[in-house]
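Enquirer: Provided below: input.pdb, containing PDB, C-alpha atoms and all ligand atoms.
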```
ATOM      1  CA  MET A  66       3.016  70.954  30.797
ATOM      2  CA  GLN A  67       1.580  74.361  31.586
ATOM      3  CA  ASN A  68      -1.015  73.848  28.835
ATOM      4  CA  LYS A  69      -2.027  70.511  30.304
ATOM      5  CA  LEU A  70      -2.443  72.096  33.717
ATOM      6  CA  LYS A  71      -4.511  74.884  32.220
ATOM      7  CA  LYS A  72      -6.784  72.399  30.452
ATOM      8  CA  SER A  73      -7.323  70.205  33.504
ATOM      9  CA  SER A  74      -8.160  73.235  35.602
ATOM     10  CA  LEU A  75     -11.105  73.873  33.253
ATOM     11  CA  ILE A  76     -12.656  70.527  34.140
ATOM     12  CA  GLU A  77     -15.068  70.721  37.041
ATOM     13  CA  SER A  78     -16.758  68.084  39.116
ATOM     14  CA  ASN A  79     -20.565  67.830  39.379
ATOM     15  CA  SER A  80     -22.324  67.283  42.692
ATOM     16  CA  ASN A  81     -22.675  63.571  41.812
ATOM     17  CA  GLY A  82     -18.933  63.321  41.250
ATOM     18  CA  THR A  83     -19.056  63.045  37.422
ATOM     19  CA  MET A  84     -16.769  65.315  35.437
ATOM     20  CA  LYS A  85     -18.259  68.167  33.477
ATOM     21  CA  HIS A  86     -16.349  70.195  30.933
ATOM     22  CA  PRO A  87     -17.433  73.818  31.188
ATOM     23  CA  LEU A  88     -16.603  74.417  27.524
ATOM     24  CA  MET A  89     -19.388  72.048  26.416
ATOM     25  CA  GLN A  90     -22.651  73.861  27.010
ATOM     26  CA  THR A  91     -25.878  71.994  27.640
ATOM     27  CA  SER A  92     -27.425  73.598  24.547
ATOM     28  CA  GLN A  93     -24.566  72.243  22.391
ATOM     29  CA  LEU A  94     -24.951  68.732  23.785
ATOM     30  CA  MET A  95     -28.699  68.990  23.270
ATOM     31  CA  LYS A  96     -28.086  69.907  19.615
ATOM     32  CA  LEU A  97     -25.830  66.854  19.211
ATOM     33  CA  PHE A  98     -28.474  64.695  20.895
ATOM     34  CA  GLU A  99     -31.166  65.953  18.511
ATOM     35  CA  ASP A 100     -28.936  65.392  15.464
ATOM     36  CA  GLN A 101     -28.173  61.814  16.497
ATOM     37  CA  LEU A 102     -31.861  61.189  17.187
ATOM     38  CA  LYS A 103     -32.862  62.476  13.733
ATOM     39  CA  ASP A 104     -30.151  60.252  12.225
ATOM     40  CA  ILE A 105     -31.336  57.052  13.925
ATOM     41  CA  TYR A 106     -35.004  57.949  13.255
ATOM     42  CA  TRP A 107     -34.169  58.028   9.529
ATOM     43  CA  ALA A 108     -32.237  54.753   9.872
ATOM     44  CA  GLU A 109     -35.051  52.920  11.683
ATOM     45  CA  LYS A 110     -37.593  54.051   9.086
ATOM     46  CA  ALA A 111     -35.293  52.895   6.279
ATOM     47  CA  LEU A 112     -34.895  49.533   8.025
ATOM     48  CA  THR A 113     -38.659  48.934   8.127
ATOM     49  CA  LYS A 114     -38.448  48.933   4.311
ATOM     50  CA  ALA A 115     -35.150  47.026   3.981
ATOM     51  CA  ILE A 116     -35.750  44.130   6.412
ATOM     52  CA  PRO A 117     -38.737  42.716   4.426
ATOM     53  CA  LYS A 118     -36.424  42.478   1.369
ATOM     54  CA  MET A 119     -33.826  40.664   3.499
ATOM     55  CA  ILE A 120     -36.530  38.221   4.667
ATOM     56  CA  LYS A 121     -37.593  37.623   1.051
ATOM     57  CA  ASN A 122     -34.015  36.744   0.064
ATOM     58  CA  SER A 123     -33.301  34.484   3.061
ATOM     59  CA  THR A 124     -33.770  30.720   2.983
ATOM     60  CA  SER A 125     -32.871  29.638   6.543
ATOM     61  CA  GLY A 126     -35.977  29.252   8.700
ATOM     62  CA  GLU A 127     -34.004  30.419  11.761
ATOM     63  CA  LEU A 128     -32.738  33.529   9.970
ATOM     64  CA  ILE A 129     -36.224  34.388   8.684
ATOM     65  CA  LYS A 130     -37.581  34.003  12.233
ATOM     66  CA  VAL A 131     -34.934  36.368  13.693
ATOM     67  CA  LEU A 132     -35.434  38.937  10.906
ATOM     68  CA  LYS A 133     -39.239  38.849  11.232
ATOM     69  CA  ALA A 134     -39.007  39.355  15.003
ATOM     70  CA  HIS A 135     -36.593  42.253  14.497
ATOM     71  CA  LEU A 136     -38.843  43.834  11.864
ATOM     72  CA  ALA A 137     -41.661  43.944  14.426
ATOM     73  CA  GLU A 138     -39.215  45.433  16.978
ATOM     74  CA  THR A 139     -37.952  47.992  14.455
ATOM     75  CA  LYS A 140     -41.507  49.247  13.830
ATOM     76  CA  GLU A 141     -41.826  49.717  17.610
ATOM     77  CA  GLN A 142     -38.433  51.440  17.680
ATOM     78  CA  VAL A 143     -39.697  54.026  15.168
ATOM     79  CA  ILE A 144     -42.596  54.796  17.530
ATOM     80  CA  ARG A 145     -40.202  54.831  20.524
ATOM     81  CA  ALA A 146     -37.921  57.332  18.745
ATOM     82  CA  GLU A 147     -41.004  59.540  18.209
ATOM     83  CA  LYS A 148     -41.660  59.346  21.948
ATOM     84  CA  VAL A 149     -38.110  60.556  22.611
ATOM     85  CA  PHE A 150     -38.782  63.556  20.312
ATOM     86  CA  GLU A 151     -41.995  64.143  22.256
ATOM     87  CA  PHE A 152     -40.065  63.961  25.541
ATOM     88  CA  ILE A 153     -37.747  66.773  24.414
ATOM     89  CA  SER A 154     -40.753  68.719  23.034
ATOM     90  CA  LYS A 155     -39.667  68.435  19.399
ATOM     91  CA  GLU A 156     -41.534  67.305  16.308
ATOM     92  CA  PRO A 157     -40.108  64.024  14.912
ATOM     93  CA  GLU A 158     -37.719  64.844  12.089
ATOM     94  CA  THR A 159     -35.452  62.675   9.953
ATOM     95  CA  LYS A 160     -31.893  63.437   8.849
ATOM     96  CA  LYS A 161     -30.518  61.185   6.138
ATOM     97  CA  CYS A 162     -28.012  58.824   7.711
ATOM     98  CA  GLU A 163     -25.214  58.340   5.161
ATOM     99  CA  ALA A 164     -23.678  55.490   7.185
ATOM    100  CA  MET A 165     -26.914  53.489   7.242
ATOM    101  CA  LYS A 166     -27.496  54.313   3.572
ATOM    102  CA  GLY A 167     -24.108  52.722   2.795
ATOM    103  CA  LEU A 168     -24.816  49.667   4.942
ATOM    104  CA  LEU A 169     -28.172  49.160   3.199
ATOM    105  CA  ARG A 170     -26.485  49.486  -0.193
ATOM    106  CA  GLU A 171     -24.135  46.719   0.913
ATOM    107  CA  VAL A 172     -27.068  44.397   1.782
ATOM    108  CA  LYS A 173     -28.628  45.130  -1.609
ATOM    109  CA  GLU A 174     -25.388  44.304  -3.417
ATOM    110  CA  ILE A 175     -25.046  41.024  -1.490
ATOM    111  CA  MET A 176     -28.607  40.002  -2.353
ATOM    112  CA  GLN A 177     -28.116  40.896  -6.016
ATOM    113  CA  SER A 178     -24.826  39.054  -6.296
ATOM    114  CA  CYS A 179     -25.806  35.623  -4.984
ATOM    115  CA  GLU A 180     -28.426  32.971  -5.532
ATOM    116  CA  PRO A 181     -30.744  32.322  -2.577
ATOM    117  CA  GLY A 182     -29.081  29.727  -0.336
ATOM    118  CA  ALA A 183     -26.724  29.326   2.600
ATOM    119  CA  MET A 184     -24.066  31.623   1.099
ATOM    120  CA  CYS A 185     -26.573  34.404   0.536
ATOM    121  CA  ASP A 186     -27.945  33.853   4.067
ATOM    122  CA  ALA A 187     -24.412  34.176   5.494
ATOM    123  CA  GLY A 188     -23.938  37.436   3.551
ATOM    124  CA  ILE A 189     -27.269  38.789   4.811
ATOM    125  CA  ILE A 190     -26.285  37.936   8.407
ATOM    126  CA  ALA A 191     -22.921  39.683   8.016
ATOM    127  CA  ALA A 192     -24.593  42.826   6.668
ATOM    128  CA  ALA A 193     -27.370  42.705   9.289
ATOM    129  CA  GLN A 194     -24.784  42.491  12.071
ATOM    130  CA  LYS A 195     -22.957  45.543  10.716
ATOM    131  CA  ILE A 196     -26.304  47.381  10.843
ATOM    132  CA  GLU A 197     -26.923  46.210  14.410
ATOM    133  CA  HIS A 198     -23.471  47.364  15.510
ATOM    134  CA  TYR A 199     -24.095  50.801  14.001
ATOM    135  CA  GLU A 200     -27.389  51.020  15.863
ATOM    136  CA  ILE A 201     -25.836  49.818  19.146
ATOM    137  CA  ALA A 202     -23.158  52.535  18.826
ATOM    138  CA  THR A 203     -25.726  55.250  18.092
ATOM    139  CA  TYR A 204     -28.153  54.247  20.849
ATOM    140  CA  GLY A 205     -25.235  53.906  23.280
ATOM    141  CA  THR A 206     -24.184  57.485  22.483
ATOM    142  CA  LEU A 207     -27.757  58.810  22.651
ATOM    143  CA  ARG A 208     -28.274  57.062  25.985
ATOM    144  CA  GLN A 209     -25.072  58.583  27.403
ATOM    145  CA  PHE A 210     -26.008  62.069  26.158
ATOM    146  CA  ALA A 211     -29.480  61.674  27.715
ATOM    147  CA  ILE A 212     -27.921  60.686  31.060
ATOM    148  CA  THR A 213     -25.655  63.766  30.982
ATOM    149  CA  LEU A 214     -28.594  65.982  30.018
ATOM    150  CA  GLU A 215     -30.642  64.403  32.824
ATOM    151  CA  LEU A 216     -33.419  63.390  30.420
ATOM    152  CA  THR A 217     -34.510  60.454  32.576
ATOM    153  CA  GLY A 218     -37.586  59.549  30.506
ATOM    154  CA  ALA A 219     -35.517  59.514  27.326
ATOM    155  CA  VAL A 220     -32.853  57.326  28.983
ATOM    156  CA  GLU A 221     -35.533  54.732  29.814
ATOM    157  CA  LEU A 222     -36.854  54.695  26.216
ATOM    158  CA  LEU A 223     -33.367  54.558  24.685
ATOM    159  CA  ASP A 224     -32.369  51.767  27.056
ATOM    160  CA  ILE A 225     -35.178  49.535  25.762
ATOM    161  CA  THR A 226     -34.101  49.955  22.133
ATOM    162  CA  PHE A 227     -30.382  49.681  22.987
ATOM    163  CA  ASN A 228     -31.037  46.295  24.631
ATOM    164  CA  GLU A 229     -33.249  45.092  21.760
ATOM    165  CA  GLU A 230     -30.443  45.844  19.280
ATOM    166  CA  LYS A 231     -27.931  43.927  21.405
ATOM    167  CA  VAL A 232     -30.240  40.901  21.644
ATOM    168  CA  ALA A 233     -30.898  41.022  17.871
ATOM    169  CA  ASP A 234     -27.141  41.017  17.254
ATOM    170  CA  GLU A 235     -26.667  38.040  19.602
ATOM    171  CA  LYS A 236     -29.461  36.114  17.865
ATOM    172  CA  LEU A 237     -27.864  36.781  14.472
ATOM    173  CA  SER A 238     -24.560  35.475  15.853
ATOM    174  CA  GLU A 239     -26.314  32.313  17.029
ATOM    175  CA  VAL A 240     -27.844  31.763  13.572
ATOM    176  CA  ALA A 241     -24.445  32.388  11.960
ATOM    177  CA  MET A 242     -22.799  29.865  14.260
ATOM    178  CA  SER A 243     -25.434  27.219  13.521
ATOM    179  CA  ALA A 244     -25.769  25.432  10.208
ATOM    180  CA  ILE A 245     -25.572  28.448   7.890
ATOM    181  CA  ASN A 246     -21.825  29.095   7.813
ATOM    182  CA  ILE A 247     -21.040  25.391   7.472
ATOM    183  CA  LYS A 248     -23.522  25.053   4.605
ATOM    184  CA  ALA A 249     -22.087  28.178   2.971
ATOM    185  CA  ALA A 250     -18.593  26.674   3.185
ATOM    186  CA  GLU A 251     -19.894  23.460   1.579
ATOM    187  CA  GLU A 252     -21.521  25.487  -1.209
ATOM    188  CA  LEU A 253     -18.179  27.191  -1.833
ATOM    189  CA  LEU A 254     -16.438  23.803  -2.043
ATOM    190  CA  GLU A 255     -19.030  22.623  -4.572
ATOM    191  CA  ILE A 256     -18.380  25.705  -6.717
ATOM    192  CA  ALA A 257     -14.569  25.201  -6.550
TER     193      ALA A 257
HETATM  194 FE    FE A 301     -33.270  49.320  15.261
END
```
Show the structure stored in the file as C-alpha cells.

Expert:
Amino acid sequence: MQNKLKKSSLIESNSNGTMKHPLMQTSQLMKLFEDQLKDIYWAEKALTKAIPKMIKNSTSGELIKVLKAHLAETKEQVIRAEKVFEFISKEPETKKCEAMKGLLREVKEIMQSCEPGAMCDAGIIAAAQKIEHYEIATYGTLRQFAITLELTGAVELLDITFNEEKVADEKLSEVAMSAINIKAAEELLEIA
C-alpha cells in the first residue's frame, strides 16, 4: 500500500491536465520515438518491394486495384517518414524491423504454397491485413509519442499515414468479404 502511494506521488500533472511521469525523461521518449521511426521507415521501404510481388500473384481485379493504390500510398509514406526525420533534424535511417520481416516471409510462403486463384488471393489478403495492423499499431504509437513530445508537425504527418493504413485495412476487409472468400471456399470443396 505504502509502495503504491509512493509511486502515485511520483506522477505529476501537466498544465494541460495530462499526466506526466517524471521518471520518463523527454530525451528517453525521443530515443524511443526515433527507434520506432527507423523501424517503420525500414518496413515501408521493404513494402515498396513486396507489394508488387503480391500484385503479381493476385488474380482478383478488386484486390489488385487495392494493392496498386496502396503501393502508390506506401511510396508516399516513405517520403513522409523522411519528412518526419527532417522535422526532428535527423538524417533518415533504417533499422531492420524483425516483425515486418516475419510478416513478409509469411506472405512469401503463402504465395509459394498455392496456385494463383481465389484461395491464394484470400491468403494474400490475410497476410496484407496482418501487415496493415502492424503498421496501424506502430503509427498509433509514434503519433502518441509525437503528441507527448509536442512535435506538432510530426503529429500531422503521422496522422496522414495512420489514416491511410486504416483505410487500406478497411478496403482489404471489403475485398475479403466480397467474392474472394466464397470462391476460396468453393475451391476447397473442389479439392476435397
Ligand atoms: Fe505503410

Enquirer: Check what the PyMOL selection byres (((chain A and resi 214) around 12) and not hetatm) selects in the file above and give those residues as a list in words.

Expert: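 Given this file, the PyMOL selection byres (((chain A and resi 214) around 12) and not hetatm) evaluates to Lys85, Met89, Gln90, Thr91, Ser92, Gln93, Leu94, Met95, Lys96, Leu97, Phe98, Glu99, Ile153, Leu207, Arg208, Gln209, Phe210, Ala211, Ile212, Thr213, Glu215, Leu216, Thr217, Gly218, Ala219 and Val220 of chain A.
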
Enquirer: Using only C-alpha atoms and all ligand atoms, which residues have at least one atom no more than 8 Å from ligand FE 301 (chain A)? Output them as an NGL selection string.

Expert: :A and (108-109 or 112 or 135 or 138-139 or 142-143 or 197 or 200 or 226 or 229-230)

Enquirer: Which residue out of A:Leu102, A:Ala115, A:Ala241, A:Met184 has the minimum interatomic distance to Thr203 in chain A when only C-alpha atoms are used?

Expert: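 Among the listed residues, A:Leu102 lies closest to Thr203 in chain A.
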
Enquirer: What's the separation between CA of Ile120 in chain A and CA of Leu132 in chain A, in Å to one decimal place?

Expert: 6.4 Å

Enquirer: Since I can't run it myself right now, could you work out what the PyMOL selection byres (((chain A and resi 107) around 8) and not hetatm) selects here and report it as an MDAnalysis selection string?

Expert: chainID A and resid 103:106 108:111 159:162

Enquirer: Tell me, in Å to one decimal, how far CA of Ala187 in chain A is from CA of Glu171 in chain A.

Expert: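 Interatomic distance, CA of Ala187 in chain A to CA of Glu171 in chain A: 13.4 Å.
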
Enquirer: Quick one: apply the PyMOL selection byres (((chain A and resi 122) around 10) and not hetatm) to the file and drop the selected residues here as a PyMOL selection string.

Expert: chain A and resi 116-121+123-125+129+176-177+179-182+185-186+189

Enquirer: Pull C-alpha atoms from the residues just selected and write them as a short mmCIF file (atom, residue, chain, number, x, y, z; two decimals), keeping the file's coordinate frame.

Expert:
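Result file is out-v2.cif:
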```cif
data_model
loop_
_atom_site.label_atom_id
_atom_site.label_comp_id
_atom_site.auth_asym_id
_atom_site.auth_seq_id
_atom_site.Cartn_x
_atom_site.Cartn_y
_atom_site.Cartn_z
CA ILE A 116 -35.75 44.13 6.41
CA PRO A 117 -38.74 42.72 4.43
CA LYS A 118 -36.42 42.48 1.37
CA MET A 119 -33.83 40.66 3.50
CA ILE A 120 -36.53 38.22 4.67
CA LYS A 121 -37.59 37.62 1.05
CA SER A 123 -33.30 34.48 3.06
CA THR A 124 -33.77 30.72 2.98
CA SER A 125 -32.87 29.64 6.54
CA ILE A 129 -36.22 34.39 8.68
CA MET A 176 -28.61 40.00 -2.35
CA GLN A 177 -28.12 40.90 -6.02
CA CYS A 179 -25.81 35.62 -4.98
CA GLU A 180 -28.43 32.97 -5.53
CA PRO A 181 -30.74 32.32 -2.58
CA GLY A 182 -29.08 29.73 -0.34
CA CYS A 185 -26.57 34.40 0.54
CA ASP A 186 -27.94 33.85 4.07
CA ILE A 189 -27.27 38.79 4.81
#
```

Enquirer: Got a sec to check which residues sit within 12 Å of (-28.0, 32.8, 17.0), counting all atoms listed in the file, and write them as JSON, numbers by chain?

Expert: {"A": [125, 127, 128, 129, 130, 131, 132, 190, 194, 231, 232, 233, 234, 235, 236, 237, 238, 239, 240, 241, 242, 243, 244, 245, 246]}

Enquirer: Find the distance between CA of Glu158 in chain A and CA of Thr206 in chain A and write it in Å to one decimal.

Expert: 18.6 Å
